[in-house]
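Structure file work_38.pdb; described as PDB, C-alpha atoms.
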```
ATOM      1  CA  MET R 871     109.044 -94.354-193.890
ATOM      2  CA  SER R 872     107.502 -91.023-192.951
ATOM      3  CA  ASP R 873     103.885 -90.138-193.697
ATOM      4  CA  ALA R 874     105.033 -87.247-195.891
ATOM      5  CA  ALA R 875     107.347 -89.516-197.886
ATOM      6  CA  ILE R 876     104.706 -92.159-198.615
ATOM      7  CA  ARG R 877     102.185 -89.462-199.514
ATOM      8  CA  GLY R 878     104.667 -88.332-202.155
ATOM      9  CA  ILE R 879     104.370 -91.794-203.708
ATOM     10  CA  ILE R 880     100.827 -93.069-203.047
ATOM     11  CA  ASP R 881      97.654 -91.000-203.470
ATOM     12  CA  LEU R 882      96.292 -91.574-199.965
ATOM     13  CA  ASN R 883      93.545 -89.006-200.436
ATOM     14  CA  ARG R 884      92.043 -91.145-203.163
ATOM     15  CA  TYR R 885      93.003 -94.490-201.620
ATOM     16  CA  PRO R 886      93.111 -94.310-197.793
ATOM     17  CA  VAL R 887      94.799 -97.666-197.352
ATOM     18  CA  ASP R 888      96.473 -96.302-194.217
ATOM     19  CA  ALA R 889      93.083 -95.842-192.518
ATOM     20  CA  PRO R 890      91.267 -99.184-193.008
ATOM     21  CA  ASP R 891      88.951 -98.594-190.057
ATOM     22  CA  SER R 892      87.720 -95.237-191.314
ATOM     23  CA  GLU R 893      84.469 -94.964-193.252
ATOM     24  CA  GLN R 894      86.394 -94.319-196.471
ATOM     25  CA  GLY R 895      88.828 -97.161-195.751
ATOM     26  CA  ARG R 896      86.040 -99.677-195.122
ATOM     27  CA  ALA R 897      84.317 -98.591-198.330
ATOM     28  CA  LEU R 898      87.533 -99.076-200.300
ATOM     29  CA  ILE R 899      88.065-102.556-198.860
ATOM     30  CA  ALA R 900      84.468-103.508-199.690
ATOM     31  CA  ARG R 901      84.854-102.206-203.253
ATOM     32  CA  CYS R 902      88.057-104.165-203.767
ATOM     33  CA  ARG R 903      86.501-107.363-202.407
ATOM     34  CA  ALA R 904      83.490-106.977-204.693
ATOM     35  CA  ALA R 905      85.724-106.466-207.743
ATOM     36  CA  LEU R 906      87.776-109.583-206.947
ATOM     37  CA  ASP R 907      84.638-111.652-206.381
ATOM     38  CA  ASP R 908      83.010-110.419-209.584
ATOM     39  CA  ARG R 909      85.872-110.377-212.073
ATOM     40  CA  ALA R 910      88.981-111.732-210.285
ATOM     41  CA  LEU R 911      90.720-108.379-210.711
ATOM     42  CA  CYS R 912      90.695-105.146-208.736
ATOM     43  CA  ALA R 913      92.484-102.216-210.424
ATOM     44  CA  LEU R 914      93.247 -99.013-208.528
ATOM     45  CA  PRO R 915      94.142 -96.410-211.203
ATOM     46  CA  GLY R 916      96.262 -93.483-210.089
ATOM     47  CA  PHE R 917      97.343 -95.354-206.962
ATOM     48  CA  VAL R 918     100.843 -93.926-207.396
ATOM     49  CA  HIS R 919     101.398 -90.281-208.309
ATOM     50  CA  PRO R 920     102.555 -89.697-211.920
ATOM     51  CA  GLU R 921     105.891 -88.169-210.856
ATOM     52  CA  ALA R 922     106.705 -91.188-208.697
ATOM     53  CA  VAL R 923     105.669 -93.604-211.461
ATOM     54  CA  ALA R 924     107.944 -91.813-213.935
ATOM     55  CA  ARG R 925     110.884 -92.047-211.536
ATOM     56  CA  MET R 926     110.321 -95.767-210.960
ATOM     57  CA  ALA R 927     110.195 -96.389-214.710
ATOM     58  CA  ARG R 928     113.424 -94.426-215.252
ATOM     59  CA  ASP R 929     115.146 -96.313-212.440
ATOM     60  CA  ALA R 930     114.058 -99.659-213.901
ATOM     61  CA  GLU R 931     115.278 -98.775-217.396
ATOM     62  CA  ALA R 932     118.637 -97.707-215.945
ATOM     63  CA  LEU R 933     118.956-101.146-214.321
ATOM     64  CA  ALA R 934     117.678-103.039-217.372
ATOM     65  CA  PRO R 935     121.166-103.998-218.641
ATOM     66  CA  GLU R 936     121.622-105.986-215.406
ATOM     67  CA  ALA R 937     118.286-107.781-215.719
ATOM     68  CA  PHE R 938     118.122-111.514-216.368
ATOM     69  CA  ARG R 939     116.748-112.610-219.712
ATOM     70  CA  TYR R 940     113.830-115.056-219.786
ATOM     71  CA  ASP R 941     113.378-116.528-223.275
ATOM     72  CA  ARG R 942     111.799-119.942-223.241
ATOM     73  CA  PRO R 943     108.343-121.354-224.063
ATOM     74  CA  ARG R 944     106.136-122.094-221.078
ATOM     75  CA  ILE R 945     103.057-124.165-220.402
ATOM     76  CA  ALA R 946     100.095-122.707-218.546
ATOM     77  CA  TYR R 947     100.429-124.995-215.528
ATOM     78  CA  GLU R 948     102.938-125.966-212.897
ATOM     79  CA  TYR R 949     104.994-129.060-213.691
ATOM     80  CA  SER R 950     103.201-132.402-213.422
ATOM     81  CA  GLU R 951     104.648-135.912-213.763
ATOM     82  CA  GLU R 952     101.421-137.199-215.294
ATOM     83  CA  ASN R 953     101.685-138.229-218.935
ATOM     84  CA  TRP R 954      99.238-135.894-220.674
ATOM     85  CA  PRO R 955      98.322-136.579-224.324
ATOM     86  CA  ALA R 956      99.704-134.339-227.056
ATOM     87  CA  GLY R 957      97.540-131.286-227.604
ATOM     88  CA  HIS R 958      96.134-131.325-224.078
ATOM     89  CA  PRO R 959      96.109-127.835-222.492
ATOM     90  CA  ARG R 960      98.739-129.041-220.023
ATOM     91  CA  THR R 961     101.161-129.748-222.867
ATOM     92  CA  VAL R 962     100.640-126.677-225.075
ATOM     93  CA  GLU R 963     103.633-124.341-225.011
ATOM     94  CA  HIS R 964     103.331-120.557-225.257
ATOM     95  CA  PRO R 965     106.105-118.094-226.133
ATOM     96  CA  CYS R 966     107.492-116.206-223.155
ATOM     97  CA  ARG R 967     110.202-113.548-223.350
ATOM     98  CA  TYR R 968     111.121-110.653-221.062
ATOM     99  CA  ARG R 969     113.861-109.293-218.816
ATOM    100  CA  GLN R 970     113.502-109.519-215.055
ATOM    101  CA  LEU R 971     115.102-107.582-212.212
ATOM    102  CA  LEU R 972     115.215-109.810-209.159
ATOM    103  CA  ASN R 973     114.667-108.717-205.590
ATOM    104  CA  TYR R 974     118.337-108.391-204.677
ATOM    105  CA  GLN R 975     118.966-106.216-207.751
ATOM    106  CA  ILE R 976     116.426-103.547-206.755
ATOM    107  CA  PRO R 977     118.034-100.833-204.581
ATOM    108  CA  ASN R 978     116.937-100.481-200.972
ATOM    109  CA  ASP R 979     116.123 -96.801-201.518
ATOM    110  CA  SER R 980     113.863 -97.511-204.496
ATOM    111  CA  PRO R 981     110.291 -96.134-204.217
ATOM    112  CA  VAL R 982     109.123 -99.528-205.472
ATOM    113  CA  ARG R 983     110.669-101.141-202.404
ATOM    114  CA  ASP R 984     109.244 -98.384-200.187
ATOM    115  CA  ILE R 985     105.772 -99.386-201.359
ATOM    116  CA  TYR R 986     106.450-103.086-200.806
ATOM    117  CA  LEU R 987     107.769-102.569-197.278
ATOM    118  CA  TRP R 988     105.094-100.098-196.199
ATOM    119  CA  GLU R 989     103.222-101.892-193.435
ATOM    120  CA  PRO R 990      99.769-100.284-193.966
ATOM    121  CA  LEU R 991      99.679-101.665-197.518
ATOM    122  CA  ARG R 992     100.299-105.209-196.282
ATOM    123  CA  GLU R 993      97.517-104.844-193.719
ATOM    124  CA  PHE R 994      95.162-103.377-196.319
ATOM    125  CA  LEU R 995      95.770-106.307-198.675
ATOM    126  CA  ARG R 996      95.246-108.786-195.840
ATOM    127  CA  ARG R 997      91.857-107.260-195.075
ATOM    128  CA  VAL R 998      90.799-107.178-198.720
ATOM    129  CA  LEU R 999      91.627-110.865-199.127
ATOM    130  CA  GLY R1000      90.086-111.762-195.772
ATOM    131  CA  TYR R1001      93.133-113.690-194.565
ATOM    132  CA  ASP R1002      94.045-114.158-190.912
ATOM    133  CA  GLU R1003      97.679-113.519-191.853
ATOM    134  CA  LEU R1004      99.555-112.083-194.824
ATOM    135  CA  HIS R1005     103.337-111.781-194.884
ATOM    136  CA  ARG R1006     105.887-110.357-197.277
ATOM    137  CA  SER R1007     107.963-113.043-198.938
ATOM    138  CA  ALA R1008     111.478-113.544-197.595
ATOM    139  CA  CYS R1009     112.763-114.809-200.958
ATOM    140  CA  PRO R1010     115.958-112.982-201.991
ATOM    141  CA  HIS R1011     115.114-113.571-205.650
ATOM    142  CA  LEU R1012     111.357-113.243-206.092
ATOM    143  CA  ALA R1013     109.927-111.289-203.159
ATOM    144  CA  LEU R1014     109.985-108.132-205.274
ATOM    145  CA  THR R1015     110.660-108.185-209.007
ATOM    146  CA  ILE R1016     110.354-105.898-212.015
ATOM    147  CA  GLN R1017     109.591-107.261-215.485
ATOM    148  CA  ILE R1018     110.798-105.277-218.497
ATOM    149  CA  SER R1019     109.409-106.241-221.913
ATOM    150  CA  GLY R1020     110.713-104.792-225.171
ATOM    151  CA  PRO R1021     109.719-105.396-228.810
ATOM    152  CA  GLU R1022     108.493-108.966-229.442
ATOM    153  CA  ASP R1023     108.571-109.801-225.717
ATOM    154  CA  CYS R1024     105.502-111.386-224.146
ATOM    155  CA  ASN R1025     104.338-113.498-221.210
ATOM    156  CA  GLY R1026     102.522-116.618-222.349
ATOM    157  CA  TRP R1027      99.236-118.017-221.081
ATOM    158  CA  HIS R1028      99.451-119.357-217.531
ATOM    159  CA  PHE R1029      97.883-119.779-214.124
ATOM    160  CA  ASP R1030      99.792-118.462-211.122
ATOM    161  CA  GLY R1031     101.149-120.695-208.398
ATOM    162  CA  THR R1032      99.947-118.316-205.681
ATOM    163  CA  ASP R1033      96.351-117.423-204.944
ATOM    164  CA  ALA R1034      96.767-113.666-205.377
ATOM    165  CA  VAL R1035      99.150-111.415-207.304
ATOM    166  CA  PHE R1036      99.851-107.741-206.643
ATOM    167  CA  SER R1037     101.364-105.522-209.303
ATOM    168  CA  LEU R1038     102.098-101.908-210.170
ATOM    169  CA  LEU R1039     102.239-100.907-213.834
ATOM    170  CA  LEU R1040     105.100 -98.451-214.332
ATOM    171  CA  GLN R1041     105.171 -97.997-218.102
ATOM    172  CA  MET R1042     103.288 -99.115-221.210
ATOM    173  CA  PRO R1043     104.844 -99.497-224.657
ATOM    174  CA  VAL R1044     103.662 -97.619-227.731
ATOM    175  CA  SER R1045     101.795-100.731-228.896
ATOM    176  CA  GLY R1046     101.086-104.235-227.668
ATOM    177  CA  GLY R1047     101.863-105.503-224.189
ATOM    178  CA  ALA R1048      98.182-105.822-223.229
ATOM    179  CA  PHE R1049      97.074-107.874-220.249
ATOM    180  CA  GLU R1050      94.442-110.477-221.170
ATOM    181  CA  TYR R1051      92.675-112.884-218.850
ATOM    182  CA  ALA R1052      89.752-115.260-218.437
ATOM    183  CA  PRO R1053      88.408-114.840-214.878
ATOM    184  CA  TYR R1054      87.820-117.872-212.678
ATOM    185  CA  LEU R1055      88.285-120.305-215.519
ATOM    186  CA  ARG R1056      89.146-123.119-213.141
ATOM    187  CA  SER R1057      88.553-123.934-209.490
ATOM    188  CA  LYS R1058      90.093-126.223-206.904
ATOM    189  CA  ASP R1059      87.510-128.852-207.900
ATOM    190  CA  GLU R1060      87.269-128.344-211.676
ATOM    191  CA  GLU R1061      90.123-127.678-214.118
ATOM    192  CA  ASN R1062      87.726-126.882-217.004
ATOM    193  CA  TYR R1063      90.201-127.900-219.681
ATOM    194  CA  GLU R1064      87.689-127.384-222.490
ATOM    195  CA  ALA R1065      87.339-123.690-221.601
ATOM    196  CA  VAL R1066      91.109-123.341-221.296
ATOM    197  CA  ALA R1067      91.597-124.807-224.770
ATOM    198  CA  ALA R1068      88.898-122.508-226.160
ATOM    199  CA  THR R1069      90.681-119.463-224.699
ATOM    200  CA  PHE R1070      93.969-120.553-226.235
ATOM    201  CA  ALA R1071      92.257-120.892-229.617
ATOM    202  CA  ASP R1072      90.139-117.718-229.595
ATOM    203  CA  PRO R1073      91.186-115.164-226.946
ATOM    204  CA  ASP R1074      89.260-112.378-228.680
ATOM    205  CA  ARG R1075      86.072-114.244-227.841
ATOM    206  CA  HIS R1076      86.889-115.810-224.481
ATOM    207  CA  ALA R1077      89.320-113.444-222.730
ATOM    208  CA  ARG R1078      89.020-109.934-221.341
ATOM    209  CA  ARG R1079      91.438-107.089-222.015
ATOM    210  CA  PRO R1080      91.016-104.472-219.253
ATOM    211  CA  GLU R1081      92.316-100.953-219.722
ATOM    212  CA  ILE R1082      95.136-100.577-217.196
ATOM    213  CA  ALA R1083      97.026 -97.268-217.093
ATOM    214  CA  THR R1084     100.448 -96.593-215.640
ATOM    215  CA  GLY R1085     100.349 -95.955-211.916
ATOM    216  CA  THR R1086      97.620 -98.587-211.433
ATOM    217  CA  PHE R1087      98.001-100.990-208.515
ATOM    218  CA  THR R1088      96.281-104.281-209.275
ATOM    219  CA  LEU R1089      95.090-107.165-207.137
ATOM    220  CA  PHE R1090      94.502-110.285-209.219
ATOM    221  CA  LYS R1091      93.312-113.824-208.504
ATOM    222  CA  GLY R1092      95.667-115.489-210.940
ATOM    223  CA  ASP R1093      95.583-119.034-209.595
ATOM    224  CA  GLU R1094      92.108-119.644-211.013
ATOM    225  CA  SER R1095      92.214-117.115-213.876
ATOM    226  CA  LEU R1096      94.099-117.876-217.083
ATOM    227  CA  HIS R1097      96.115-114.850-218.237
ATOM    228  CA  ARG R1098      98.920-113.558-220.425
ATOM    229  CA  VAL R1099     100.617-110.385-221.683
ATOM    230  CA  THR R1100     100.496-109.993-225.468
ATOM    231  CA  GLN R1101     103.555-109.302-227.584
ATOM    232  CA  VAL R1102     105.042-105.825-227.273
ATOM    233  CA  GLY R1103     105.249-103.855-230.516
ATOM    234  CA  GLU R1104     108.100-101.829-231.924
ATOM    235  CA  GLY R1105     109.044 -98.616-230.165
ATOM    236  CA  PRO R1106     111.478 -97.097-227.687
ATOM    237  CA  MET R1107     109.369 -97.643-224.543
ATOM    238  CA  PRO R1108     109.341-101.091-222.927
ATOM    239  CA  ARG R1109     106.499-102.377-220.805
ATOM    240  CA  ILE R1110     107.575-102.229-217.144
ATOM    241  CA  ILE R1111     105.686-103.743-214.228
ATOM    242  CA  ALA R1112     106.604-104.329-210.572
ATOM    243  CA  LEU R1113     105.400-107.519-208.879
ATOM    244  CA  PHE R1114     104.994-107.858-205.098
ATOM    245  CA  SER R1115     105.030-111.268-203.411
ATOM    246  CA  PHE R1116     103.081-111.957-200.219
ATOM    247  CA  ASP R1117     102.136-115.247-198.585
ATOM    248  CA  ARG R1118      99.862-116.457-195.815
ATOM    249  CA  THR R1119     102.799-118.143-194.072
ATOM    250  CA  PRO R1120     105.790-116.210-192.713
ATOM    251  CA  ASN R1121     109.353-116.450-194.073
ATOM    252  CA  GLN R1122     108.192-117.813-197.416
ATOM    253  CA  ILE R1123     111.050-118.636-199.792
ATOM    254  CA  TYR R1124     110.486-120.197-203.192
ATOM    255  CA  GLN R1125     111.607-123.790-203.446
ATOM    256  CA  GLN R1126     115.238-124.237-204.456
ATOM    257  CA  GLN R1127     114.081-126.308-207.419
ATOM    258  CA  TYR R1128     112.148-123.291-208.683
ATOM    259  CA  ILE R1129     115.118-120.978-208.142
ATOM    260  CA  ASP R1130     117.391-123.374-210.025
ATOM    261  CA  GLU R1131     114.864-123.505-212.856
ATOM    262  CA  LEU R1132     114.692-119.710-212.893
ATOM    263  CA  ARG R1133     118.457-119.421-213.135
ATOM    264  CA  GLY R1134     118.558-122.041-215.832
ATOM    265  CA  ARG R1135     115.985-120.384-218.052
ATOM    266  CA  VAL R1136     117.081-116.782-217.625
ATOM    267  CA  GLY R1137     120.775-117.530-217.934
ATOM    268  CA  THR R1138     123.088-114.612-217.345
ATOM    269  CA  ALA R1139     122.493-110.895-217.245
TER     270      ALA R1139
END
```
Represent the supplied structure as structure tokens.
Amino acid sequence: MSDAAIRGIIDLNRYPVDAPDSEQGRALIARCRAALDDRALCALPGFVHPEAVARMARDAEALAPEAFRYDRPRIAYEYSEENWPAGHPRTVEHPCRYRQLLNYQIPNDSPVRDIYLWEPLREFLRRVLGYDELHRSACPHLALTIQISGPEDCNGWHFDGTDAVFSLLLQMPVSGGAFEYAPYLRSKDEENYEAVAATFADPDRHARRPEIATGTFTLFKGDESLHRVTQVGEGPMPRIIALFSFDRTPNQIYQQQYIDELRGRVGTA
């Protein structure tokens, strides 16, 4: 897309992601890396102009009747065939309810898709993460999604299956719908189940609740950081967030087993 068009969406004066080799671009990359290293989360408030954010939220609400409904308890981990004892953190179920617009349901002319397909953003994220390669997902279902959460909806405690998650908050509800997380609670060598159980039991003590405003683009290390979205309160405004999927290997498509599970749990529109 044209430079003028993307500037109407992203505040490139504040966040020069299109100029990573400039002095300002290098400083931004360094700041993002430091935030991820320190607290597993890098939030860029005001990344998208307010007018563009408002349009994206309106577009998502207009499509909400077509969204798939997810309403099923989840555990915090990916499926394992090991027989874990009752009460173990790998067996504890957490409520999870929201509507989800899948990639193929989001129009090609959507500003959300414009952001996802904008090549300088992909290159910026690659440099922040320090990867040799970073590719947009080719998955027709989950490459780009929008989650819409109304009253009593939530997203239960979990770790992500990918090493980094990128999101854009489009709208917050009147109450509830807060993002909570415990940074770097586990590692590739240590699951730290005791700390996970403690977070389940007392999130006010063990989890963080960062202030994230609409229009904020967020980079998050969710594979090692336990996180959830709290229940949305009553009110006319749902919580709306866009999620962007990238991978270090090209042509990434989620396993058919996962897609079948997704279809099974969300049912019909």
Problem set entry | Result set of the PyMOL selection byres ((chain R and resi 989-999) around 8) on the coordinates above, as an MDAnalysis selection string | chainID R and resid 887:888 890 899:900 902:903 985:988 1000:1006
For this session: Work out how far apart CA of Phe1087 (chain R) and CA of Pro915 (chain R) are and give it in Å to one decimal.
Result: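 That distance, rounded to one decimal, is 6.6 Å.
What the PyMOL selection byres ((chain R and resi 971) around 6) matches in the given file is R:Ala937, R:Gln970, R:Leu972, R:Thr1015, R:Ile1016.
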Problem set entry | Using all atoms listed in the file: which of R:Asp881, R:Asp1093, R:Asp873, R:Glu951 has the shortest distance to Val918 (chain R) |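 With all atoms listed in the file as the atom set, the closest residue is R:Asp881.
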Exercise. Which of these residues is nearest to Leu911 (chain R), using all atoms listed in the file: R:Val982, R:Leu1089, R:Ile1123, R:Ala875?
Worked result: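 Closest to Leu911 (chain R) of all the choices is R:Leu1089.
Minimum atom-to-atom distance to Tyr1063 (chain R), evaluated using all atoms listed in the file, belongs to R:Gly957 out of R:Gly1031, R:Gly1047, R:Gly957, R:Gly1085.
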Exercise. Suppose you want the space between CA of Val1099 (chain R) and CA of Gln1122 (chain R); what is it in Å?
Worked result: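 We find that CA of Val1099 (chain R) and CA of Gln1122 (chain R) lie 26.5 Å from each other.
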Return the padded bounding box of region 988-1002 of chain R as JSON: axis-aligned, built from all atoms listed in the file, 4 Å added on each side, with centre and edge lengths in Å to one decimal.
```
{"center_x": 97.6, "center_y": -107.1, "center_z": -195.0, "size_x": 23.0, "size_y": 22.1, "size_z": 16.2}
```
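Taking CA of Arg925 (chain R) and CA of Arg983 (chain R) as the two end points, the separation is 12.9 Å.
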For this session: Evaluate the PyMOL selection byres ((chain R and resi 935) around 12) on the structure here and hand back the selected residues as number ranges by chain.
Result: R: 929-934, 936-939, 969-971, 975, 1018, 1138-1139
Exercise. What's the 9 Å shell around Val923 (chain R), counting only C-alpha atoms, without same-chain residues fewer than 2 positions away, as a PyMOL selection string?
Worked result: chain R and resi 879+918-921+925-928+981+1039-1041+1084-1085
For this session: Give the answer as one residue: which of R:Arg1098, R:Arg884, R:His1011, R:His958 has the shortest atom-to-atom distance to Tyr1124 (chain R), using all atoms listed in the file?
Result: R:His1011
Problem set entry | Contact residues around Pro1043 (chain R) with only C-alpha atoms at 10 Å, ignoring same-chain residues under 6 positions, as a PyMOL selection string | chain R and resi 1019-1021+1102-1110
Exercise. Which residue, R:Ala913, R:Asp1117, R:Ile1082, R:Phe1029, has the smallest gap to Met1042 (chain R) when you use all atoms listed in the file?
Worked result: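 Among R:Ala913, R:Asp1117, R:Ile1082, R:Phe1029, it is R:Ile1082 that comes nearest to Met1042 (chain R).
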Exercise. Which is closer to Arg944 (chain R) than all the others in R:Ser892, R:Gln1101, R:Asn1025, R:Thr1032, using all atoms listed in the file?
Worked result: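 Of R:Ser892, R:Gln1101, R:Asn1025, R:Thr1032, the one nearest Arg944 (chain R) is R:Asn1025, counting all atoms listed in the file.
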Exercise. Could you pull the residues within 8 Å of Val1066 (chain R), counting all atoms listed in the file, minus those fewer than 2 positions along the same chain, as a VMD selection string?
Worked result: chain R and resid 959 1055 1062 to 1064 1068 to 1070 1096
Only C-alpha atoms, please: the residues just picked out, written as a short mmCIF file (atom, residue, chain, number, x, y, z; two decimals), in the frame of the given file.
```cif
data_model
loop_
_atom_site.label_atom_id
_atom_site.label_comp_id
_atom_site.auth_asym_id
_atom_site.auth_seq_id
_atom_site.Cartn_x
_atom_site.Cartn_y
_atom_site.Cartn_z
CA PRO R 959 96.11 -127.84 -222.49
CA LEU R 1055 88.28 -120.30 -215.52
CA ASN R 1062 87.73 -126.88 -217.00
CA TYR R 1063 90.20 -127.90 -219.68
CA GLU R 1064 87.69 -127.38 -222.49
CA ALA R 1068 88.90 -122.51 -226.16
CA THR R 1069 90.68 -119.46 -224.70
CA PHE R 1070 93.97 -120.55 -226.24
CA LEU R 1096 94.10 -117.88 -217.08
#
```
Problem set entry | Selection: 8 Å around Ser1115 (chain R), only C-alpha atoms, excl. self and same-chain fewer than 2 positions, as a PyMOL selection string | chain R and resi 1006-1007+1012-1014+1035-1036+1113+1117
